[in-house]
Each structure stands twice: as structure tokens, then as C-alpha cells.
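Before any comments, here is the structure.
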Amino acid sequence: MSIIYVLIPIALLLVCIAVAVFFWAVKSNQFEDLERHGSSILFDDDLPKKATKTQPSSNKSDE
Amino acid sequence: MQTKCFHCGLVTTPQFTYHTMVQGKQQDFCCPGCAAVAAAIVNNGLEDYYHYRSEFAEKATENADDFLEKLKVFDDDNILQEFVEDQGNASEIQLTVSGINCAACAWLIEKQLAKVKGINKVGVNVSARRATVTWDNQQLKFSQILSHIEKIGYHAKPFQPEQHEATFRQENKEFLKRLGLAGLMTMQVMMLNIGVFFDLFGHIDAQTKQYFNWISLLLTTPVILYSASEFYSSAWRALRAKLVNMDVPITLAITLTYVSGVFATIQNSGQTYFESLCMLVFFLLISRYLEHSARYRSSQLSANMLEYMPTTATLIEGSQLTPILAKSLKTEQRVLVKSGDMVPVDGVIIEGEGQLDEAMLTGEFDLVSKSIGETVFAGTVNQLGTLTIKVNKTLKDSMLNQINMLQNKALLSKPKIASLADQFSQYFVMAVLLISLSSYIIWLQIDASQAFWITISILIATCPCALGLATPSALSCAVAHLNSKGVLLKRADALEQISQVDWVALDKTGTLTEGKFTLDTCFCAQNQDKATCLEIAASLEQYSSHPIAKAFSELPSEYLVKDFSAKVGQGVSGTIEGVSYKLGSLSFVNLNVPIQMQGCNVFLSTQDKVLCGFLLTDKIRESSGELISEMEGKYLTLLSGDIPSVVENVANSLNIPNWLAQQTPEDKLNVIKQAQAEQHVVLMVGDGINDGPVLAQADVSVTLGAGSDLAKSSADVILLDNSLEKITLVFAIAKRCKVKIIQNISWALAYNLLVLPLAVSGLLSPWMAVVGMSLSSLIVVVNSIRLLK
């Protein structure tokens, strides 16, 4: 049973990381539009286009 | 078989069908606009949009060019400044985009813009119907961005979010953080404690248990200090105002349980309930968050309605013409108003004559002729002729703004019914606090060691959370349902009132009728062919932009017209195949009219005789009749600014018993106020700027998507697709919603009454109380969610 003295602190650390990631996600507006991103995975037909969407600026240099 | 437009889904008429190749197949379109949009989408290689979409697109507008011309205003740096956030070389702007129906639209817009050189970043938000665009202002003009969006059938406009929206957004983020933290921590604490409760680890020695307690305390502390802080401040605010609200017993329960848990942990004796605490906070936050985000969303959507279009004016200084913002105009300045322009400001005509569409102010679409010396009003549209006006009132004092102020005043004085549940929970909370206190005192006499935990159980178990959720959860589900059906509700509690409506006021022009002339009947003189007459008329009218001309626009017009001329306020004339024709009012034609044509209002004639008479009327919407028959049992009134004979006609054909004609906005407002004074709950349906104040005053107001911005900003319900019969749906949903609210409230009450004796008699431990409370809230929420179907 003494292993829990190690495992639980590790779990705590992971929770802290999870909380930090979640806060960051909220802060960077990732929860603003839940409607769109649910289906956006279905729309990207091929990889080049996907690159266009996630990094539109890179597309500019392509053209 | 009926064919539907491939783009917008409207039924197409065989003689006016347009075609374009999409996805390798010939598709039908209802209008050149839709076909052009589809062609643009295909040409850009974005035809997958038609695969992805789950809704039809909006019908494309045909005169998109005019619209774009107006948007050029935004290329002016001074004007753009108001909206843009500068980021060095790039600028960022928020746009409201109308026409977004599903996620595929966002995909389409992003793809379309990503191809444009100079655009750095595009983000489309479907639920808010907005886009954020960052672009390089050296490479690209702002109006070009708008025109790219316009090409694929969406209308984008810059706008300024409302002040309180920013607060909403901030609060929403705060809620999410609190909720997320509480959720994560609750999972951890539950994991530890469920093991302990149900002996999953076999025998746990005292030392391990103590270790678990410390860990739980550690995990619970952020939840209590951060996640739950909202409850404390709300309770504190209530207490300071000498009131009690739901948060008072919650705060009491949370702090007492936490403090006793801390002591128990430190002294290593007694019971802790950290898991119940976390769970309580988490569940409470879920319900608060759901309610808050529903309000946030509706505020976003209603802000979109207030599309801000700065009206510009052409200032005349000597011989120079300069574009200027209308709001910066001063009195005595001279302004040029070209044909088709909106009059930017109230003023007196000093040169030229014109026909003005004052529908925005009066609600009636008959053009008014005005000439030198007469006053024109801001917001009206000059349909014909060029005017030079002298500003006599700044925009701030203009007629338009006065109506706007009238509306704001009405909005402020709008009777607000305090939510029943809120009032009720006041008393309920008082009772809970009293019962807890008295049972604490009683239990002190019986068994002092149990008294504390029993009191906590009572506080938690009887917490009126389910009661508090009963109304908002049902309302937000009903609102979501209506949204999906194309009905936008700006104020959720309008649903509560709509089921009590017993007095209905209807606007005529543009609401019950279509708000444009259509050809009703056509009487030909002897020896005249009807089809030929119609074609001649249509050929003549195709050069005119008068509303009457639109009635002829769908007829074939093959003749070549020479010497066309239009006379303001009277009619048009032209030569076809060597014969000169006149088309217009009786005084314009100036000939004797045969008896059978007496009822007509437009005549076609040659030099010496009248060929044909047309009766043009404002067609009643097909859905109007349906609506009226559905409104049975309610007191109906038709309120119109139009002349009595026309209003009577419409009232009779629709079977509306009461009608009032020639009503100004103030008159209409007084009629509504009087009805309200007689204890009626008033529903108003209207669409014009002149309806704005009335819509604001009525208990519940409905407007159409095609209505004026002012009407949209003051109405509670907006029928986005202009079909009046949707009002029936609103009524039906309101009724279902009311039933659900009653069910929810009765359940919440029944649960609380049931659990109270159990808690008072000490049969419930705090964790059971939390589970019970959460379950009862969950049942309420699930019951409400059924409204979505």
C-alpha cells in the first residue's frame, strides 16, 4: 500500500498540469465556438487544404 | 414536380430557372443571384461546401453591387478606425456575417478568404455568426474583403460589440475556469473517498486514512476558495440588501462543512465530507454555467442585429463634393442626395425634386414627392431625382433619432414580471434556514454529537437548486429549439409572457402584407390583347426604379423602348414600335377612362386612348390568414399608418374585427399603453422603424427578419425567415415550456418536502444529501432538455 504515497502526489501533479492546460485553453478562446469545431474535422478533405486553414499565413507564401 | 433551388432551397418557377454546373451536374437555381453565388463557389474549388452543409443557404441578393458600393465607405480610414484594431502592418476587425446557417458556411468563408492575398488570418464563429479577420492593409482594401464574402452569398458588416457583451464574455470564461477546476478536483477527491467509503482497498489503516484526508483537503481548498467564490459574493450581496437568496444556505453549508472538515483533519478525529463539498460546488456551477452561457449567446446574437452602418453624406463645399460621416454634419451645411441614396440627415430641399420612400418612418411604401422648400427626414430613401438639401437638424436631433429615443424610453418602462421562482425561493430559503436552525437546537438536546452534521444535511438536501433551475433550464431549451427553427428569441422570459397574451396588435404593411405592389387585376379595353398590353407595360417599367415597376418585373418584356422618360410622382412614357405609350396615374394619362377600369390605379394609354387599366395592390402574405385563424380567442387589432380605405380592405379580407388607420408611432404607442392599462398582455407584430417604440412597449413583440434594424433591436422575437405562421410555433413552444416549468417546479418542491423529514430525523448523511440534491437537479435538467425535440 505504501506505493500510494508516491502515486498520489504524481496524480496531483498531473491534475495541476491538467488544470493549467484547461485554463490556458479557456484563455485562448478555445471554448468560444463549440458548434463549428465539432464538425470541422469532417470538412477537411485533404492535407494541403488543412494546412491552409490552420495556418492561413503560410498559404500566402504558396501563392 | 416542384424543383427546388440548389443553393437556397426555395421552390423555383419553371419559366425563371437558371442553371449552373455543380459537382458535374446541371443544377437548377431560383434566381441569377443564387446561380452566380454557386458558380463563384464552384470556380473557387469550394464545391465541397454543398457536400458538407446541413442547411440550405440563404437566398442570394440580386443587387449585391449596390450593397458593395455602399460598403466602400469603410475604405475611408477615419471610418474604419472605429472598428479596427491595429497590429502594426496588419489590421484586425470583427464582422457580423449574416447567412451563416451551419458549420459548412464557416468552412466556406474561411476557405474563400484564405485564398485572398493579403489576408493573414480568418476565424469564423458559427454560434455567434461572426468572423474575425486580420489582413495586411497595405495589400488589401477592406471593401475587397467584404466583396469576397459577398461573392459566395454572405453579407458581412463591421460592427461594434455592445458594452455589456464584453463583460458577459469575461464572466463566461470565469465560469468555465471555475467549473473546470471544480470538475477536475471533484474527480480526484471522489476517487480517493469512494475507495474509502466502500472499502475498496480492503482494510485501511488510520494513517492512510489520515493521509487521504490531507490530500482531499489539499484538493478541495482551491474549489472552495476559487470555484465557489461566486456563491459567497452573491450571498453577501443579498444579505447586505437585507434579503436572502439561494446562495445563503449554500454558502452556509459550504463554509461550515469545509471548516469542520479542516478541524477534523488537523485533529485527526471526526468526519470529513470533502467529496460532497466538491460535488456540490461542481453541480451548482454546471447549472449556473448553462444558464449564463444561454444568456451570453442570446446577447451576442442580438448585438449582431444592431449592424452598425455609419451613414455617410456627400457634402457640397463650393464646387467640391466630399464624403463625410453623417453624424458630423452641422446645420446650414449643404448635402447632395443622389437617386437611390439614403437621406443622411433631416433637412430642407433647396434644389431639385425627388420621390422619397418614407417607409422607414411611416411604414407605408407609397413614394412621396417632395420639392424645393419641403423637409426630408434622415433614414428615408430618395428613389428618384437628385436633391440638394440644407441641413436643419443634426443627426442627433433628427426624426430618426427621436423615434429611437421613444423606443428606448418604452423599453425602460416595459413591465417586467419578476420571475415567480425567484420570489418563491426567497420564502423557501427563509424556511430552510429556520428549519435548520430549529432542528440544530432540538438535536443539541437529543444528541449533541450528531446535531452539526444533521443541520448540514438539511441545508444541502433542501437547497432549492432544482427549484432555481426549473425555470431557466426550461427556458433556455425552448429558446434553443426555436433558434433551430429560424426563430430568434432575444429575451428568454418573453416565453413566459407569451402564453398569457390575450391582446394582439398587428402592423399591416410589410407584416401582414408583403410590403410591395403586385399586379392584382388587369382590365383591357375592347379589341386589346391582354398579353400584349402587359408586355408593353413591363417593357416600359423595366427602366423605372419606382416600387410600382417591381410589380411588372416578372413579366416578359421583349419590346425595345425608345425615348423613355419618367415623370416624378406620375408615370413613365416611351415609344415602342413607333407608337408612343404612357403608363401611370389617371392624371398623367389624362384621358377618359372606360367604366370597367374605374377601380384601377395605373393606366396604359396611347396618345388618344386608354388601352388597359391595372389594379396594383399590396399582396397579403399567404401565412397571414393562417396566423389570424390561429389567434382565435384573442383580441386582434390592426394598426396601420396607411389610409383608412386600404386598411379596412385588408382587415375585412383577413377577418380582423378591429382596425385603426393613419396611426403615427405615438398613436400606436398609446393604443398599446391603453390596452396594457386594461390589464391585457399585449403581443405586437410589426416590422418598420415606426413600429420600433410599439414593439418595445408591448409585453411581447415579434418582428420579421426583413424588418428594419430598429424594429429588430426592440423586438423580443425575430422570425428570421419572414414566415408569420412561425408565431404559432412560438405559441406552441411557449405552452410546452410553461408545462415543463410547472412540472419542474412541482418536482423540485415535492423532492424537497419529501427529503426534509428524512434530513431532520437524521437519516441522511451529508453525502446522501448531495447525491439527492444533484439527482433532483439532474431530473429537472433532463426534463427540460426534452423541450429540444
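Scheme for the C-alpha cells: letters A, B, ... for chains in order shown; per-chain residue numbers from 1; ligand numbers from 1 in order shown.
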### Proximal residues of chain B relative to chain A (only C-alpha atoms; 7 Å) as a list of chain:residue names
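Residues passing the distance filter: B:Tyr52, B:Ala103, B:Ala114, B:Lys117, B:Asn120, B:Lys121, B:Asn125, B:Val126, B:Ser127, B:Lys173, B:Lys177, B:Leu181.
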Residues from last step as file, N, CA and C atoms, as a compact mmCIF listing (two decimals), in the first residue's frame:
```txt
# COMPACT_ATOMS: atom_id res chain seq x y z
N TYR B 52 -20.96 19.25 -47.48
CA TYR B 52 -20.83 19.35 -46.03
C TYR B 52 -22.05 19.97 -45.37
N ALA B 103 -22.07 24.75 -39.84
CA ALA B 103 -20.61 24.80 -39.76
C ALA B 103 -19.97 24.85 -41.14
N ALA B 114 -9.07 32.60 -47.26
CA ALA B 114 -7.68 32.17 -47.13
C ALA B 114 -6.97 32.26 -48.47
N LYS B 117 -5.00 37.10 -51.36
CA LYS B 117 -3.68 37.58 -50.99
C LYS B 117 -3.83 38.77 -50.05
N ASN B 120 -4.34 37.57 -43.54
CA ASN B 120 -3.44 36.79 -42.70
C ASN B 120 -4.16 35.71 -41.92
N LYS B 121 -5.33 36.05 -41.44
CA LYS B 121 -5.97 35.11 -40.53
C LYS B 121 -7.48 35.32 -40.60
N ASN B 125 -16.86 32.29 -36.32
CA ASN B 125 -17.54 31.72 -35.16
C ASN B 125 -18.99 31.47 -35.54
N VAL B 126 -19.36 30.18 -35.61
CA VAL B 126 -20.70 29.86 -36.10
C VAL B 126 -21.78 30.25 -35.10
N SER B 127 -21.53 29.95 -33.83
CA SER B 127 -22.62 30.18 -32.89
C SER B 127 -22.88 31.66 -32.70
N LYS B 173 -15.93 33.14 -19.38
CA LYS B 173 -14.62 32.50 -19.24
C LYS B 173 -14.36 32.16 -17.78
N LYS B 177 -13.63 28.46 -16.14
CA LYS B 177 -12.46 28.11 -15.35
C LYS B 177 -12.88 27.51 -14.01
N LEU B 181 -12.08 23.65 -12.99
CA LEU B 181 -11.29 23.35 -11.80
C LEU B 181 -12.10 22.47 -10.84
```
**Study point:** DSSP-assigned helix (DSSP H, G or I) among region 388-547 of chain B, expressed as a count of residues only
**Key:** 101
Taken to one decimal, the CA of Val281 (chain B)-CA of Leu756 (chain B) distance is 20.8 Å
### Message
Applying 9 Å and only C-alpha atoms, which residues near region 248-265 of chain B remain after dropping the ones on its own chain fewer than 4 positions away? List them as a PyMOL selection string.
### Response
chain B and resi 210+213-214+217+220-221+224+228+231-232+234-236+238-239+244+269-274+277+280-281+429+432-433+453+455-457+459-460+463
Original post:
Within 12 Å of Ser369 (chain B), counting only C-alpha atoms, which residues qualify if same-chain residues fewer than 4 places away don't, as a list of chain:residue names?
Top reply: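 Those residues are B:Ile349, B:Gly352, B:Glu353, B:Gly354, B:Gln355, B:Leu356, B:Asp357, B:Glu358, B:Glu374, B:Thr375, B:Val376, B:Val381, B:Asn382, B:Gln383, B:Leu384, B:Gly385, B:Leu387, B:His546, B:Lys567, B:Val568, B:Gly569, B:Gln570.
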Keeping only N, CA and C atoms, write the selected residues to a file as an mmCIF file, in the first residue's frame.
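This went into result08.cif:
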```cif
data_model
loop_
_atom_site.group_PDB
_atom_site.id
_atom_site.type_symbol
_atom_site.label_atom_id
_atom_site.label_comp_id
_atom_site.auth_asym_id
_atom_site.auth_seq_id
_atom_site.Cartn_x
_atom_site.Cartn_y
_atom_site.Cartn_z
ATOM 1 N N ILE B 349 -35.120 70.818 -48.726
ATOM 2 C CA ILE B 349 -34.647 70.754 -50.110
ATOM 3 C C ILE B 349 -34.433 72.169 -50.624
ATOM 4 N N GLY B 352 -33.753 70.874 -56.725
ATOM 5 C CA GLY B 352 -34.172 69.599 -57.265
ATOM 6 C C GLY B 352 -35.468 69.102 -56.650
ATOM 7 N N GLU B 353 -36.013 68.030 -57.253
ATOM 8 C CA GLU B 353 -37.184 67.410 -56.650
ATOM 9 C C GLU B 353 -36.980 65.905 -56.687
ATOM 10 N N GLY B 354 -37.647 65.235 -55.798
ATOM 11 C CA GLY B 354 -37.408 63.803 -55.739
ATOM 12 C C GLY B 354 -38.593 63.063 -55.172
ATOM 13 N N GLN B 355 -38.543 61.743 -55.337
ATOM 14 C CA GLN B 355 -39.582 60.902 -54.754
ATOM 15 C C GLN B 355 -38.940 60.150 -53.617
ATOM 16 N N LEU B 356 -39.550 60.274 -52.459
ATOM 17 C CA LEU B 356 -38.911 59.693 -51.290
ATOM 18 C C LEU B 356 -39.695 58.527 -50.753
ATOM 19 N N ASP B 357 -38.953 57.509 -50.410
ATOM 20 C CA ASP B 357 -39.530 56.325 -49.791
ATOM 21 C C ASP B 357 -39.425 56.551 -48.293
ATOM 22 N N GLU B 358 -40.566 56.856 -47.675
ATOM 23 C CA GLU B 358 -40.530 57.155 -46.245
ATOM 24 C C GLU B 358 -40.995 55.968 -45.419
ATOM 25 N N GLU B 374 -39.475 71.786 -49.092
ATOM 26 C CA GLU B 374 -40.053 70.773 -48.218
ATOM 27 C C GLU B 374 -38.971 70.065 -47.407
ATOM 28 N N THR B 375 -39.409 69.495 -46.301
ATOM 29 C CA THR B 375 -38.451 68.874 -45.387
ATOM 30 C C THR B 375 -38.308 67.381 -45.702
ATOM 31 N N VAL B 376 -37.093 66.921 -45.723
ATOM 32 C CA VAL B 376 -36.851 65.483 -45.860
ATOM 33 C C VAL B 376 -36.229 64.976 -44.554
ATOM 34 N N VAL B 381 -35.366 57.163 -48.089
ATOM 35 C CA VAL B 381 -34.542 56.895 -49.261
ATOM 36 C C VAL B 381 -35.051 57.697 -50.452
ATOM 37 N N ASN B 382 -34.155 58.367 -51.109
ATOM 38 C CA ASN B 382 -34.512 59.133 -52.293
ATOM 39 C C ASN B 382 -34.507 58.200 -53.493
ATOM 40 N N GLN B 383 -35.707 57.899 -54.026
ATOM 41 C CA GLN B 383 -35.778 56.911 -55.103
ATOM 42 C C GLN B 383 -35.537 57.516 -56.471
ATOM 43 N N LEU B 384 -35.895 58.755 -56.644
ATOM 44 C CA LEU B 384 -35.833 59.326 -57.980
ATOM 45 C C LEU B 384 -35.450 60.796 -57.874
ATOM 46 N N GLY B 385 -34.582 61.245 -58.752
ATOM 47 C CA GLY B 385 -34.217 62.657 -58.754
ATOM 48 C C GLY B 385 -33.022 62.920 -57.861
ATOM 49 N N LEU B 387 -31.233 65.613 -55.191
ATOM 50 C CA LEU B 387 -31.613 66.686 -54.292
ATOM 51 C C LEU B 387 -30.380 67.349 -53.706
ATOM 52 N N HIS B 546 -39.154 52.770 -59.628
ATOM 53 C CA HIS B 546 -40.279 53.016 -58.740
ATOM 54 C C HIS B 546 -40.825 51.683 -58.209
ATOM 55 N N LYS B 567 -41.676 60.676 -65.186
ATOM 56 C CA LYS B 567 -42.080 61.919 -64.558
ATOM 57 C C LYS B 567 -42.325 61.648 -63.081
ATOM 58 N N VAL B 568 -41.634 62.390 -62.259
ATOM 59 C CA VAL B 568 -41.685 62.127 -60.829
ATOM 60 C C VAL B 568 -43.119 62.142 -60.307
ATOM 61 N N GLY B 569 -43.514 61.085 -59.639
ATOM 62 C CA GLY B 569 -44.817 61.044 -58.988
ATOM 63 C C GLY B 569 -45.975 60.792 -59.924
ATOM 64 N N GLN B 570 -45.712 60.597 -61.223
ATOM 65 C CA GLN B 570 -46.836 60.436 -62.145
ATOM 66 C C GLN B 570 -46.762 59.173 -62.984
#
```
Expressed in Å, the length from CA of Ser499 (chain B) to CA of Leu683 (chain B) is 10.3 Å
